[in-house]
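Chemist: The following file, my_file24.txt, comprises compact mmCIF, C-alpha atoms and all ligand atoms:
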```txt
# COMPACT_ATOMS: atom_id res chain seq x y z
CA MET V 1 -107.54 150.15 -78.12
CA ASN V 2 -107.98 148.08 -81.29
CA LYS V 3 -111.07 145.97 -81.68
CA VAL V 4 -110.51 142.45 -80.43
CA THR V 5 -111.47 139.60 -82.77
CA THR V 6 -112.63 136.56 -80.86
CA LEU V 7 -112.07 133.06 -82.20
CA HIS V 8 -115.79 132.64 -82.60
CA GLU V 9 -116.10 135.81 -84.72
CA PHE V 10 -113.09 134.76 -86.77
CA ILE V 11 -114.48 131.29 -87.46
CA MET V 12 -117.80 132.79 -88.53
CA ASP V 13 -116.12 135.34 -90.83
CA ARG V 14 -114.02 132.61 -92.44
CA GLN V 15 -117.02 130.39 -93.10
CA ALA V 16 -117.57 132.44 -96.26
CA ASP V 17 -114.26 131.04 -97.61
CA PHE V 18 -115.99 127.74 -98.16
CA PRO V 19 -118.75 127.85 -100.73
CA PHE V 20 -121.83 125.86 -99.66
CA ALA V 21 -120.50 125.58 -96.12
CA SER V 22 -123.30 124.54 -93.82
CA GLY V 23 -121.67 125.82 -90.65
CA GLU V 24 -120.92 122.38 -89.19
CA LEU V 25 -117.16 122.74 -89.41
CA SER V 26 -117.46 126.18 -87.79
CA ARG V 27 -119.50 124.70 -84.96
CA LEU V 28 -117.02 121.86 -84.56
CA LEU V 29 -114.08 124.26 -84.29
CA SER V 30 -116.03 126.29 -81.73
CA ASP V 31 -116.76 123.11 -79.77
CA ILE V 32 -113.06 122.24 -79.71
CA ALA V 33 -112.31 125.72 -78.40
CA VAL V 34 -114.87 125.32 -75.62
CA ALA V 35 -113.58 121.86 -74.60
CA SER V 36 -110.02 123.15 -74.58
CA LYS V 37 -111.01 126.04 -72.30
CA VAL V 38 -112.31 123.49 -69.80
CA VAL V 39 -109.12 121.44 -70.13
CA SER V 40 -107.07 124.62 -69.75
CA LYS V 41 -108.91 125.39 -66.51
CA ASP V 42 -108.18 121.85 -65.25
CA VAL V 43 -104.50 122.08 -66.24
CA ARG V 44 -104.12 125.45 -64.51
CA ARG V 45 -105.54 124.14 -61.21
CA ALA V 46 -104.38 120.53 -61.37
CA GLY V 47 -101.99 120.77 -58.41
CA LEU V 48 -104.77 122.09 -56.17
CA LEU V 49 -107.39 119.51 -57.03
CA ASP V 50 -107.75 115.96 -55.76
CA ASN V 51 -107.29 113.28 -58.36
CA PHE V 52 -105.93 115.43 -61.17
CA LEU V 53 -102.20 114.74 -60.99
CA GLY V 54 -100.40 111.40 -61.10
CA LYS V 55 -100.83 108.13 -62.84
CA GLN V 56 -104.23 106.78 -63.77
CA GLY V 57 -103.04 103.21 -63.12
CA SER V 58 -103.74 102.03 -66.66
CA ILE V 59 -101.60 101.44 -69.71
CA ASN V 60 -102.77 102.54 -73.16
CA ILE V 61 -102.43 100.47 -76.33
CA GLN V 62 -99.02 102.02 -76.97
CA GLY V 63 -97.76 100.52 -73.71
CA GLU V 64 -97.57 103.94 -72.08
CA GLU V 65 -98.82 104.70 -68.61
CA GLN V 66 -101.83 107.02 -68.69
CA GLN V 67 -101.89 110.07 -66.47
CA LYS V 68 -105.10 111.13 -64.74
CA LEU V 69 -105.20 114.38 -66.71
CA ASP V 70 -104.76 112.46 -70.01
CA VAL V 71 -107.97 110.63 -69.25
CA ILE V 72 -109.82 113.70 -67.93
CA ALA V 73 -108.95 115.66 -71.10
CA ASP V 74 -109.86 112.70 -73.33
CA ASN V 75 -113.31 112.44 -71.73
CA GLN V 76 -113.83 116.18 -71.96
CA PHE V 77 -113.23 116.25 -75.71
CA ILE V 78 -115.20 113.06 -76.35
CA ASN V 79 -118.23 114.41 -74.48
CA MET V 80 -118.08 117.63 -76.47
CA PHE V 81 -117.91 115.71 -79.76
CA LYS V 82 -120.72 113.36 -78.75
CA THR V 83 -123.06 116.18 -77.90
CA GLY V 84 -122.18 118.47 -80.80
CA GLY V 85 -123.79 116.53 -83.65
CA GLU V 86 -121.05 117.31 -86.21
CA VAL V 87 -118.88 114.28 -85.43
CA CYS V 88 -119.81 110.64 -86.13
CA GLY V 89 -116.76 109.10 -84.46
CA ILE V 90 -113.33 109.73 -83.03
CA ALA V 91 -109.97 108.13 -82.46
CA SER V 92 -107.60 109.27 -79.76
CA GLU V 93 -104.23 108.39 -78.32
CA GLU V 94 -105.91 107.25 -75.13
CA ASN V 95 -108.35 104.78 -76.70
CA ASP V 96 -107.20 101.46 -78.10
CA GLU V 97 -109.89 101.35 -80.79
CA PHE V 98 -111.64 104.07 -82.75
CA MET V 99 -115.01 105.04 -81.32
CA PRO V 100 -118.06 105.24 -83.60
CA PHE V 101 -120.77 107.29 -81.88
CA GLU V 102 -124.16 105.70 -81.42
CA GLY V 103 -127.50 107.22 -82.34
CA GLU V 104 -128.96 109.13 -85.28
CA PHE V 105 -127.89 112.52 -83.94
CA SER V 106 -124.16 111.72 -84.13
CA GLN V 107 -124.37 109.39 -87.10
CA ASN V 108 -125.67 112.28 -89.16
CA GLY V 109 -122.39 114.09 -88.46
CA LYS V 110 -120.13 114.65 -91.45
CA TYR V 111 -116.80 114.64 -89.67
CA VAL V 112 -114.41 112.47 -87.72
CA VAL V 113 -111.80 113.85 -85.34
CA LEU V 114 -108.49 112.23 -84.45
CA PHE V 115 -106.76 113.75 -81.48
CA ASP V 116 -104.21 113.58 -78.75
CA PRO V 117 -106.06 115.09 -75.78
CA LEU V 118 -102.96 115.94 -73.76
CA ASP V 119 -99.63 115.57 -75.46
CA GLY V 120 -96.43 115.70 -73.46
CA SER V 121 -97.71 113.38 -70.72
CA THR V 122 -94.39 113.22 -68.91
CA ASN V 123 -94.57 116.98 -68.38
CA ILE V 124 -98.01 117.05 -66.77
CA ASP V 125 -96.92 116.49 -63.17
CA VAL V 126 -93.95 118.82 -63.36
CA ASN V 127 -95.77 121.94 -64.54
CA VAL V 128 -94.20 122.14 -67.98
CA SER V 129 -96.13 123.12 -71.13
CA ILE V 130 -98.40 120.46 -72.63
CA GLY V 131 -100.89 120.54 -75.49
CA THR V 132 -103.86 119.12 -77.36
CA ILE V 133 -103.51 118.19 -81.05
CA PHE V 134 -106.45 117.57 -83.40
CA SER V 135 -107.11 116.57 -86.97
CA ILE V 136 -110.50 116.77 -88.73
CA TYR V 137 -111.55 114.71 -91.76
CA ARG V 138 -114.72 114.44 -93.76
CA ARG V 139 -116.11 110.92 -93.27
CA GLN V 140 -115.84 108.43 -96.16
CA SER V 141 -118.80 106.33 -95.08
CA LYS V 142 -122.40 107.32 -95.72
CA VAL V 143 -123.98 109.96 -93.50
CA GLY V 144 -126.54 108.33 -91.21
CA THR V 145 -124.50 105.15 -90.69
CA PRO V 146 -121.92 104.37 -87.99
CA ALA V 147 -118.39 105.71 -88.54
CA THR V 148 -115.92 103.15 -89.88
CA LEU V 149 -112.22 102.48 -89.53
CA GLU V 150 -111.76 103.76 -93.11
CA ASP V 151 -113.09 107.15 -91.98
CA MET V 152 -110.16 107.33 -89.56
CA MET V 153 -107.48 105.94 -91.84
CA GLN V 154 -107.11 108.76 -94.35
CA SER V 155 -103.88 110.34 -95.48
CA GLY V 156 -102.98 113.70 -93.99
CA ALA V 157 -103.47 115.35 -97.38
CA LYS V 158 -107.22 114.84 -96.90
CA GLN V 159 -107.43 116.81 -93.66
CA ILE V 160 -110.14 119.45 -93.65
CA ALA V 161 -108.75 121.24 -90.61
CA ALA V 162 -106.13 120.70 -87.95
CA GLY V 163 -104.86 122.52 -84.93
CA TYR V 164 -103.35 122.47 -81.52
CA VAL V 165 -103.92 124.05 -78.15
CA LEU V 166 -100.85 124.90 -76.11
CA TYR V 167 -101.24 125.11 -72.34
CA GLY V 168 -98.12 127.18 -71.83
CA SER V 169 -97.37 130.49 -70.16
CA SER V 170 -100.68 131.38 -71.77
CA THR V 171 -103.19 129.09 -73.44
CA MET V 172 -103.24 129.39 -77.22
CA MET V 173 -105.22 127.73 -79.97
CA VAL V 174 -103.65 127.59 -83.43
CA TYR V 175 -105.51 126.10 -86.38
CA THR V 176 -105.75 125.86 -90.13
CA THR V 177 -108.51 124.97 -92.54
CA GLY V 178 -106.07 124.99 -95.44
CA LYS V 179 -106.09 128.75 -95.89
CA GLY V 180 -103.19 129.82 -93.74
CA VAL V 181 -102.64 129.49 -90.02
CA ASN V 182 -104.00 131.72 -87.27
CA GLY V 183 -103.31 131.78 -83.55
CA PHE V 184 -105.58 132.85 -80.69
CA THR V 185 -104.62 133.53 -77.10
CA LEU V 186 -107.06 132.73 -74.32
CA ASP V 187 -107.84 135.91 -72.42
CA PRO V 188 -108.53 134.52 -68.95
CA TYR V 189 -110.38 137.68 -67.91
CA ILE V 190 -113.11 137.35 -70.53
CA GLY V 191 -112.77 133.60 -71.12
CA GLU V 192 -112.39 134.03 -74.88
CA PHE V 193 -109.72 133.04 -77.37
CA CYS V 194 -108.72 136.27 -79.15
CA LEU V 195 -106.80 136.62 -82.39
CA SER V 196 -103.21 137.35 -81.39
CA HIS V 197 -101.14 135.74 -84.17
CA PRO V 198 -102.81 136.39 -87.54
CA ASP V 199 -101.49 134.63 -90.64
CA MET V 200 -98.62 132.82 -88.94
CA ARG V 201 -95.56 132.02 -91.07
CA MET V 202 -92.74 129.73 -90.05
CA PRO V 203 -89.33 131.29 -90.85
CA GLU V 204 -87.67 129.40 -93.76
CA MET V 205 -84.52 129.04 -91.72
CA GLY V 206 -83.97 129.08 -87.99
CA ARG V 207 -81.28 128.61 -85.35
CA ILE V 208 -82.95 126.17 -82.97
CA TYR V 209 -82.84 122.38 -83.05
CA ALA V 210 -85.00 120.17 -80.88
CA MET V 211 -84.25 116.51 -80.46
CA ASN V 212 -83.92 114.09 -77.57
CA GLU V 213 -80.16 113.87 -77.95
CA GLY V 214 -80.13 110.83 -75.68
CA ASN V 215 -81.11 109.02 -78.88
CA VAL V 216 -78.31 110.34 -81.03
CA ASN V 217 -76.23 107.15 -80.95
CA ILE V 218 -79.15 104.83 -81.67
CA CYS V 219 -80.44 106.53 -84.82
CA ASP V 220 -79.24 107.14 -88.38
CA PRO V 221 -75.61 108.35 -88.02
CA GLY V 222 -76.43 111.15 -90.48
CA ILE V 223 -78.40 112.88 -87.73
CA LYS V 224 -75.37 113.04 -85.45
CA GLU V 225 -73.35 114.37 -88.36
CA TYR V 226 -76.02 116.99 -89.14
CA ILE V 227 -76.14 118.16 -85.52
CA GLU V 228 -72.38 118.28 -85.13
CA SER V 229 -71.68 120.03 -88.41
CA LYS V 230 -74.70 122.33 -88.77
CA CYS V 231 -76.00 122.95 -85.27
CA GLN V 232 -73.01 122.73 -82.97
CA GLN V 233 -70.48 124.70 -85.06
CA ILE V 234 -70.17 128.43 -85.50
CA LEU V 235 -71.17 128.78 -89.11
CA GLU V 236 -70.17 131.59 -91.44
CA GLY V 237 -71.88 134.86 -90.55
CA ALA V 238 -72.92 133.65 -87.07
CA SER V 239 -71.47 134.51 -83.69
CA ARG V 240 -72.42 131.27 -81.94
CA PRO V 241 -73.70 127.77 -82.71
CA TYR V 242 -77.42 127.00 -82.95
CA SER V 243 -79.35 126.59 -79.72
CA GLY V 244 -80.55 123.20 -78.60
CA ARG V 245 -84.05 123.45 -77.07
CA TYR V 246 -86.01 120.32 -76.22
CA ILE V 247 -89.08 120.63 -74.05
CA GLY V 248 -90.27 117.07 -74.62
CA SER V 249 -93.77 118.34 -75.40
CA LEU V 250 -94.19 118.26 -79.14
CA VAL V 251 -96.76 121.06 -79.22
CA ALA V 252 -94.50 123.38 -77.25
CA ASP V 253 -91.39 122.57 -79.28
CA PHE V 254 -93.37 122.92 -82.51
CA HIS V 255 -94.98 126.21 -81.50
CA ARG V 256 -91.64 127.78 -80.56
CA ASN V 257 -90.21 126.71 -83.91
CA MET V 258 -93.27 128.11 -85.70
CA ILE V 259 -92.52 131.51 -84.25
CA LYS V 260 -88.74 131.60 -84.07
CA GLY V 261 -87.77 129.10 -86.78
CA GLY V 262 -86.24 125.75 -86.02
CA ILE V 263 -86.36 122.02 -86.52
CA TYR V 264 -87.88 119.23 -84.42
CA ILE V 265 -86.58 115.71 -84.99
CA TYR V 266 -87.89 112.42 -83.61
CA PRO V 267 -86.14 109.81 -85.74
CA SER V 268 -86.36 106.09 -86.06
CA THR V 269 -84.10 104.47 -83.46
CA THR V 270 -82.87 100.95 -82.88
CA VAL V 271 -85.25 100.82 -79.91
CA ASP V 272 -88.24 102.33 -81.77
CA PRO V 273 -87.61 101.63 -85.47
CA GLU V 274 -90.81 103.46 -86.47
CA GLY V 275 -90.00 106.47 -84.29
CA LYS V 276 -92.18 107.47 -81.36
CA LEU V 277 -94.77 109.89 -82.64
CA ARG V 278 -98.13 108.83 -83.97
CA LEU V 279 -99.00 109.62 -87.57
CA LEU V 280 -102.71 110.23 -87.30
CA TYR V 281 -103.11 112.52 -84.33
CA GLU V 282 -99.64 113.96 -83.73
CA CYS V 283 -97.67 114.13 -86.99
CA ASN V 284 -100.38 114.78 -89.61
CA PRO V 285 -102.10 117.72 -87.90
CA LEU V 286 -98.83 119.51 -87.17
CA ALA V 287 -97.61 118.70 -90.70
CA PHE V 288 -100.71 120.41 -92.12
CA ILE V 289 -100.05 123.47 -89.98
CA ALA V 290 -96.33 123.49 -90.82
CA GLU V 291 -96.97 123.34 -94.55
CA GLN V 292 -99.67 125.99 -94.36
CA ALA V 293 -97.17 128.23 -92.59
CA GLY V 294 -94.42 127.60 -95.17
CA GLY V 295 -92.62 124.82 -93.27
CA LEU V 296 -92.03 121.17 -94.03
CA ALA V 297 -92.84 117.82 -92.38
CA THR V 298 -91.29 114.54 -93.50
CA THR V 299 -90.22 111.15 -92.21
CA GLY V 300 -86.72 112.07 -93.37
CA HIS V 301 -87.52 110.47 -96.71
CA GLU V 302 -91.14 111.22 -97.62
CA ARG V 303 -93.82 113.82 -97.02
CA ILE V 304 -95.80 113.02 -93.88
CA MET V 305 -99.15 113.97 -95.40
CA ASP V 306 -98.68 111.55 -98.33
CA ILE V 307 -98.49 108.47 -96.12
CA GLU V 308 -101.43 106.10 -96.47
CA PRO V 309 -102.02 104.91 -92.91
CA THR V 310 -102.07 101.20 -92.20
CA ARG V 311 -102.71 101.24 -88.44
CA LEU V 312 -104.66 103.56 -86.17
CA HIS V 313 -101.79 104.13 -83.77
CA GLN V 314 -99.08 103.92 -86.43
CA ARG V 315 -95.81 105.64 -85.57
CA VAL V 316 -93.50 107.41 -87.99
CA PRO V 317 -90.12 109.15 -87.80
CA TYR V 318 -90.70 112.91 -87.78
CA PHE V 319 -88.72 115.87 -89.11
CA VAL V 320 -90.76 119.06 -88.90
CA GLY V 321 -90.07 122.76 -88.92
CA SER V 322 -88.41 125.45 -91.01
CA LYS V 323 -88.26 124.33 -94.63
CA LYS V 324 -84.55 124.80 -95.22
CA MET V 325 -83.56 123.17 -91.93
CA VAL V 326 -85.67 120.10 -92.63
CA GLU V 327 -84.27 119.82 -96.16
CA GLN V 328 -80.74 120.18 -94.84
CA ALA V 329 -81.20 117.55 -92.12
CA MET V 330 -82.71 115.14 -94.66
CA SER V 331 -79.67 115.53 -96.93
CA TYR V 332 -77.50 114.03 -94.18
CA LEU V 333 -79.50 110.82 -93.73
CA LYS V 334 -77.73 107.64 -94.75
CA GLY V 335 -80.54 105.10 -94.36
P1 LIG V 401 -97.03 111.41 -75.38
O1 LIG V 401 -98.13 111.53 -76.40
O2 LIG V 401 -97.10 110.12 -74.61
O3 LIG V 401 -96.95 112.60 -74.51
O4 LIG V 401 -95.66 111.28 -76.24
C1 LIG V 401 -95.35 112.26 -77.18
C2 LIG V 401 -94.24 113.13 -76.66
C3 LIG V 401 -94.00 114.39 -77.46
O5 LIG V 401 -94.80 115.43 -77.01
C4 LIG V 401 -92.55 114.65 -77.16
O6 LIG V 401 -91.94 115.46 -78.11
C5 LIG V 401 -91.97 113.27 -77.11
O7 LIG V 401 -93.04 112.40 -76.78
C6 LIG V 401 -90.91 113.13 -76.08
O8 LIG V 401 -90.41 111.84 -76.10
P2 LIG V 401 -89.03 111.48 -75.37
O9 LIG V 401 -89.32 111.53 -73.91
O10 LIG V 401 -88.72 110.10 -75.86
O11 LIG V 401 -88.00 112.48 -75.80
MG MG V 402 -99.02 112.42 -77.66
```
Would it be possible to restate this file's structure as structure tokens?
Ligand code: AHM
Ligand code: MG

Modeler:
Amino acid sequence: MNKVTTLHEFIMDRQADFPFASGELSRLLSDIAVASKVVSKDVRRAGLLDNFLGKQGSINIQGEEQQKLDVIADNQFINMFKTGGEVCGIASEENDEFMPFEGEFSQNGKYVVLFDPLDGSTNIDVNVSIGTIFSIYRRQSKVGTPATLEDMMQSGAKQIAAGYVLYGSSTMMVYTTGKGVNGFTLDPYIGEFCLSHPDMRMPEMGRIYAMNEGNVNICDPGIKEYIESKCQQILEGASRPYSGRYIGSLVADFHRNMIKGGIYIYPSTTVDPEGKLRLLYECNPLAFIAEQAGGLATTGHERIMDIEPTRLHQRVPYFVGSKKMVEQAMSYLKG
């Protein structure tokens, strides 16, 4: 049997990639792994526990109904960040405002984290894959002072690290610090994330498209044209059209496309002109991972990671996945 590399060992080995690294980012990544193991345990047992499934009874700032597990996962990550000492503040999908942490211990932290604790909320109660998405930035404000809104509102190009955890048929953590992408599967028997997908690359071209096709008549007509002419036809050299696969959990759709090649589209629609997905804690982190793996992430017109954010919960149209598929889809857009 080959030697197993745990996530913790891997993070420590990679610390040497960053000259003058003080170990804080390594500790932060380890903390995220620990919090996500707890969330994974909750997700796995949710149907058996009281008060884990169903609606929380509150609406978040985006006008969406919060699920109990959304809130449980949010609190889990926030507690981990508050007690770790590396993070001076956070912003999350479930909190209307960003949260500067109080006290010297946290205010000496160098980093801020923006995250979606449990993405794919509508899939929680029906036992379909869901995920956590996170984005890490170096703070702009002075160490030792409270975190500011400016710390949160940085373009994706400034991310120090980003990743996701997929609670799927197994639990996996995938992350990048800007030097490639690596994936780790949680071994439930030893309770450790172990390196299972080293140096992940997204195929340049794929045969899977993921979009909520219920929206196809309320978005740019170029998208319908792209799907009909490139995805739903038998193209030269192929024996069948592309496959439509839409889980409705971004992390799961993205992860499948990372491995098999494909495109995920959530466009601007007449109902949601800015699209649905949030720039800071959904689109940017996955854009960083996509680009690091050789893929592409755009709004259909511009690179996601170049956008200067204007609002904490800003939404953007999202085209992400295999480079050639994203480029091809973009060439069809009329708007
Ligand atoms: P959420 O953060 O409230 O779960 O919303 C994000 C999710 C994505 O995971 C998913 O791809 C998309 O919303 C699905 O939206 P729709 O139901 O409109 O197709
Ligand atoms: Mg989400």

Chemist: Given a cut-off of 8 Å, what residues near ligand LIG 401 (chain V) show up using all atoms listed in the file, put as a list in words?

Modeler: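 Those residues are Glu64, Glu93, Asp116, Leu118, Asp119, Gly120, Ser121, Thr122, Asn123, Ile130, Met211, Asn212, Tyr246, Ile247, Gly248, Ser249, Leu250, Val251, Ala252, Asp253, Tyr266, Lys276, Leu277 and Glu282 of chain V.
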
Chemist: Near stretch 137-141 of chain V, within 7 Å and counting all atoms listed in the file, which residues show up once chain neighbours fewer than 6 positions away are dropped, as a ChimeraX atom specification?

Modeler: /V:110-113,147-148,150-151,158-160

Chemist: Interatomic distance between atom CA of V:Ile304 and atom CA of V:Asn284?

Modeler: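 Distance between the two atoms: 6.5 Å.
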
Chemist: Near stretch 178-187 of chain V, counting all atoms listed in the file, which residues have an atom at most 7 Å away, once you skip same-chain residues fewer than 2 positions from it, shown as an NGL selection string?

Modeler: :V and (7 or 161 or 170-176 or 189-200 or 289 or 292-293)

Chemist: Using all atoms listed in the file, which residues sit within 9 Å of V:Lys323 once same-chain residues fewer than 5 positions away are excluded, as a PyMOL selection string?

Modeler: chain V and resi 202-205+262-263+290-291+294-297+328

Chemist: Pull C-alpha atoms from the residues just selected and write them as a CSV table (one decimal), keeping the file's coordinate frame.

Modeler:
```csv
chain,number,residue,atom,x,y,z
V,202,MET,CA,-92.7,129.7,-90.0
V,203,PRO,CA,-89.3,131.3,-90.8
V,204,GLU,CA,-87.7,129.4,-93.8
V,205,MET,CA,-84.5,129.0,-91.7
V,262,GLY,CA,-86.2,125.8,-86.0
V,263,ILE,CA,-86.4,122.0,-86.5
V,290,ALA,CA,-96.3,123.5,-90.8
V,291,GLU,CA,-97.0,123.3,-94.6
V,294,GLY,CA,-94.4,127.6,-95.2
V,295,GLY,CA,-92.6,124.8,-93.3
V,296,LEU,CA,-92.0,121.2,-94.0
V,297,ALA,CA,-92.8,117.8,-92.4
V,328,GLN,CA,-80.7,120.2,-94.8
```

Chemist: Quick one: of V:Gln56, V:Ser106, V:Ser36, V:Gln67, who's nearest to ligand MG 402 (chain V), counting all atoms listed in the file?

Modeler: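 Distance minimum relative to ligand MG 402 (chain V) lands on V:Gln67.
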
Chemist: Counting all atoms listed in the file, which residue out of V:Glu24, V:Asp125, V:Asp42, V:Asp74 sits closest to ligand MG 402 (chain V)?

Modeler: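 Looking at the shortest contact to ligand MG 402 (chain V), the residue is V:Asp74.
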
Chemist: Calculated over only C-alpha atoms and all ligand atoms, which of the candidates V:Val143, V:Leu286, V:Met80, V:Met153 has the smallest distance to ligand MG 402 (chain V)?

Modeler: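 Among the listed residues, V:Leu286 lies closest to ligand MG 402 (chain V).
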
Chemist: If you measure from atom CA of V:Lys41 to atom CA of V:Ser26, what distance in Å do you get, rounded to one decimal?

Modeler: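 That distance, rounded to one decimal, is 22.9 Å.
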
Chemist: Quick one: pull the distance between atom CA of V:Ala91 and atom CA of V:Leu114, Å, one decimal.

Modeler: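 Going from atom CA of V:Ala91 over to atom CA of V:Leu114 covers 4.8 Å.
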
Chemist: Find, counting all atoms listed in the file, the residue in V:Met305, V:Leu280, V:Leu29, V:Val216 that gets nearest to ligand MG 402 (chain V).

Modeler: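 Comparing V:Met305, V:Leu280, V:Leu29, V:Val216 against ligand MG 402 (chain V), the winner is V:Leu280.
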
Chemist: Which of these, V:Glu327, V:Glu236, V:Glu94, V:Asp306, has the shortest distance to ligand MG 402 (chain V) once you count all atoms listed in the file?

Modeler: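 Looking only at the distances to ligand MG 402 (chain V), the closest residue turns out to be V:Glu94.
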
Chemist: Name the closest residue to ligand MG 402 (chain V) among the candidates V:Lys142, V:Arg44, V:His313, V:Lys324; distances are taken between atoms, counting all atoms listed in the file.

Modeler: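 Counting all atoms listed in the file, the residue closest to ligand MG 402 (chain V) is V:His313.
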
Chemist: The centre and edge lengths of an axis-aligned box containing all atoms of stretch 6-16 of chain V present in the file, extended by 5 Å on each side, are to be given in Å to one decimal, as AutoDock Vina command-line options.

Modeler:
```
--center_x -114.9 --center_y 133.5 --center_z -88.6 --size_x 15.7 --size_y 16.2 --size_z 25.4
```
